[in-house]
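Participant: Attaching a single structure in structure tokens format; questions to follow.
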Amino acid sequence: MDVPAGQSARVVVQRIPPAAVGRARRRRRPSGDPPPLPHHLQTSGVGWLIAALVLVVLAIVVFARGLQGIAVAVTVFDDAVVGWLNGFDAPGLLTVERTLAAMSSWWVINGLALVLVLVLVALRRFRHLIVFYVVVNVVFLVAENVVAAIAQRPRPFGVVIREGWGGWAMPSLQVLSLALGLVAILYTLVPEGRWRNTGKWVATGLIALNAVGRITLGADASTDVLVGVALGVTLPLVAFRWFAPSEVFPITYRRGRGAHLDVGGARGQAIRQALHDQLGLVVEEVKPFGLSGSAGSTPLRIKVKGDPPTVLFGKLYARSHLRSDRWYKLGRELLYGRLEDEKPFNTVRRLVQQEDYALSLMQRAGLPSPTPYGFVELTPEREYLLVTEFFAGASELGEAEVDNQVIDDGLGIIRKLWDAGLAHRDIKPANLLVRQGRLLLIDVAFVQARPSPWRQAVDLANMMLCLALRSSPELVYERALGQFRVEEITEGFAAARGLALPSQLRHMLRDKGRDLHAEFVRLLPSPPQPVSIQRWSARRVGLLALILVLVVGLGGPLIADALNNDVAVKTPLNNTNLSCGDLEPLWLQAQAVPTASQVPCVRYLPVGWSVANVAVNDGRSILTLDHDRAGPAALVVRLTAACDPSGAVQGPSATPGVRHYQRIQSPTGQFTATWYDQFPGGCVTSRLHLTTDPNGEFAGQAPQVLGFTSRSALQAALSHRSQGRLQLDPEDRR
């Protein structure tokens with residue numbers, strides 16, 4: 001607990017016992033009342049969540065049975081909007097439309113995701129990075145495997161599609177991805193408040209312009225865009241507000257530690273209310289205090305109403321501090337093995353209870369530590385505030401005058417800890433205060449009862465090093481011999497090395513420009529044998545292996561996905577039934593190659609064959625079939641506008657108007673056959689590759705699988721379904 005520069009370090013203030021502090025009547029929170037600082041999604045988050053659920057449910061209900069009933073009416077309306085916008089023509093308008101649509105191209109989306117990941121890693125916002133990674137996978141899982149797989153909606157009918165697309169139309173994956181990326185940027189990189197509010201309007205404008213561009217070019221319909229925006233905004237919005245709320249994980253670029261939470265606004269009011277209701281304290285002022293020496297909590301100076309007013313000290317603990325403690329101890333375990341009693345806490349409540357109990361232990365042992373006043377609950381299992389005595393007029397050991405009395409006090413503190421069976425575990429200048437020429441000990445959060453001799457020895461050596469920073473090793477060693485045996489001092493400097501020294505103490509020793517540890521060792525009768533802090537165990541080896549697997553297994557695919565353009569060419573329909581009577585995927589294939597007079601379909605599946613995947617995007621469709629003995633992807637069928645059958649032999653065709661060619665290759669241990677079926681405006685290339693059937697026994701079954709549906713038949717079926725209101729192709733192509 002530091003004091004501002006220029007304030008005297010020798011102000012005489014009597015220690016005020018808890019009973020002497022003015023208190024109001026305590027008030028129990030009735031059952032059902034919210035805590036002082038409730039955890040919620042805010043009104044806008046709830047609104048988006050409701051809107052998204054309604055839109056998704058309506059989309060599934062309307063389009064679950066395919067293009068029938070009310071789905072036809074919705075499609076007629078959507079296609080009328082697309083046709084109206086598509087009909088506008090002006091010089092340079094097409095370039096503008098394509099520029100707007102390009103904002104959600106997969107190259108832009110993947111590049112944006114990669115840059116965001118790299119920036120979050122550079123800023124060490126790993127919590128936001130994890131939430132982003134999870135939410136991206138959840139959003140696409142819901143969009144592709146739930147909404148698109150059930151709705152199965154083709155692209156807008158009756159217009160020329162002048163923009164790239166892939167897969168089912170609902171939801172619009174491009175608009176969804178743009179919305180998701182912009183929301184992720186807002187909640188991971190933009191500070192809350194005016195900047196984020198402005199960013200929301202900018203993001204809204206960009207999404208709207210992109211949607212207009214894609215609708216005008218015929219790639220998406222208005223309903224597809226609405227569902228895509230609802231999913232792309234709602235899921236990341238809810239995820240970031242719930243799992244990385246700004247109150248706990250603030251986005252800030254000011255200098256300071258992430259452990260220091262904002263105590264203004266709603267949290268400041270919650271602190272006042274909780275102190276009044278749970279401890280009976282009427283608070284006049286709450287301010288951050290001594291932030292430079294705190295990395296595991298938010299230290300506060302609390303002014304309590306009274307005559308005269310009383311100043312107390314508070315430590316605000318939140319889940320972010322608990323997680324930081326876990327990550328810190330995990331890192332130490334990976335680097336050095338689990339040191340003694342370094343198990344992480346399970347809950348924030350246990351963390352604050354531990355410190356409150358430790359303060360009582362220190363008082364019982366007669367140590368000069370703060371008097372505890374108790375703790376209050378702000379949000380159950382999320383945020384708690386510990387209240388203790390405030391050592392006014394005290395200064396840190398690193399800034400105070402250190403004389404024989406201070407040295408004796410410091411060594412006496414270690415002796416009392418040893419005699420009481422305790423270890424402080426964090427002896428450093430920030431936790432040692434000097435007031436009126438006497439040394440005080442604070443920050444007892446990690447006090448250990450019944451510690452090992454190693455822990456106690458580390459405390460002794462760290463105390464001697466802290467005292468020597470403002471005096472000399474010779475003086476500290478001489479005074480230590482009055483309370484400790486040479487063997488005990490030797491053991492301390494054998495144990496206190498490397499990670500056993502707190503980071504602040506290590507930095508101050510380095511800045512001192514002297515190796516105080518070595519100077520103490522030279523004063524000893526014989527140099528100690530260093531105690532190794534490396535601890536190897538099956539747990540440590542397992543954790544290292546797990547981290548390696550996670551980095552390679554998760555980080556590799558994430559970077560690979562961001563660097564390639566697979567989404568643009570691999571757009572699965574999640575459909576394992578491409579029969580010649582399954583109209584929706586056949587209409588989609590016809591839209592992929594608008595010049596093709598025939599569309600491939602599965603006429604018959606012999607025993608052992610199964611449809612593994614159907615992927616459709618602008619300019620092509622790919623049908624993949626597996627065989628239980630021939631293996632996966634035994635037959636791959638590709639529809640394109642043209643193909644080159646050079647080197648193939650023409651043969652008879654079972655479909656009128658289709659020219660059939662085939663080429664057979666039989667390298668050692670394999671059998672490969674390629675068929676080309678050409679027809680006006682299109683070509684179907686079927687490649688059979690067998691590694692377990694070098695003689696081609698299954699090759700005779702492959703031609704039975706593939707059939708064709710004419711474009712005119714698909715046109716007639718669509719016209720019949722919609723009672724003449726929908727047409728597959730624009731008027732100039734009919």
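Following the order of the structure tokens, chains are lettered A, B, ..., residues in each are numbered from 1, and ligands are numbered from 1.
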Which polymer residues have any atom within 7 Å of an atom of Leu690 (chain A), counting only C-alpha atoms, with same-chain residues fewer than 4 positions away left out, as a PyMOL selection string?
Facilitator: chain A and resi 630+634+670-672+694
Participant: Show me, as CSV, the residues of region 562-616 of chain A having an atom within 6 Å of region 679-689 of chain A, each with the closest atom pair and its distance in Å, using only C-alpha atoms.
Facilitator:
```
residue,atom,partner,partner_atom,distance
A:Thr595,CA,A:Gly681,CA,4.6
A:Ala596,CA,A:Gly681,CA,4.3
A:Ser597,CA,A:Pro680,CA,5.8
```
Participant: With N, CA and C atoms retained, write the just-selected residues as a JSON list (two decimals), in the first residue's frame.
Facilitator:
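Listed below is the output, again.json:
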```json
[["chain", "number", "residue", "atom", "x", "y", "z"],
["A", 595, "THR", "N", -25.72, -22.45, -68.09],
["A", 595, "THR", "CA", -25.80, -22.81, -69.51],
["A", 595, "THR", "C", -26.10, -24.30, -69.71],
["A", 596, "ALA", "N", -25.97, -25.11, -68.66],
["A", 596, "ALA", "CA", -26.08, -26.56, -68.81],
["A", 596, "ALA", "C", -27.52, -26.97, -69.09],
["A", 597, "SER", "N", -27.70, -27.78, -70.13],
["A", 597, "SER", "CA", -29.04, -28.28, -70.47],
["A", 597, "SER", "C", -29.40, -29.53, -69.68]]
```
Participant: Of the residues A:Ile50, A:Leu623, A:Trp418, A:Ser369, which is the one nearest to Asn431 (chain A), using only C-alpha atoms?
Facilitator: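 Selected residue with least distance to Asn431 (chain A): A:Ser369.
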Participant: Name the closest residue to Leu706 (chain A) among the candidates A:Arg124, A:Arg162, A:Lys200, A:Arg603; distances are taken between atoms, counting only C-alpha atoms.
Facilitator: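 Under the stated criterion, the closest residue is A:Arg603.
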Participant: Skip region 572-576 of chain A itself and residues of its chain fewer than 3 positions away, then list as JSON, numbers by chain all residues within 12 Å of it, counting only C-alpha atoms.
Facilitator: {"A": [141, 143, 144, 145, 146, 147, 148, 149, 150, 151, 152, 153, 154, 166, 167, 168, 169, 170, 566, 567, 568, 569, 579, 582, 584, 585, 586, 588, 589, 601, 602, 605, 609, 610, 611, 612, 613, 614, 615, 616, 617, 621, 622, 623, 624, 625, 626]}
Participant: Have a look at A:Gly542, A:Leu180, A:Ala494, A:Leu505 and name the one nearest to Val521 (chain A); count only C-alpha atoms.
Facilitator: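 For Val521 (chain A), the nearest of the given residues is A:Ala494.
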Participant: Residues within 8 Å of Leu718 (chain A), please, as number ranges by chain. Count only C-alpha atoms; anything in the same chain fewer than 4 positions from it doesn't count.
Facilitator: A: 714, 722, 724, 726-728
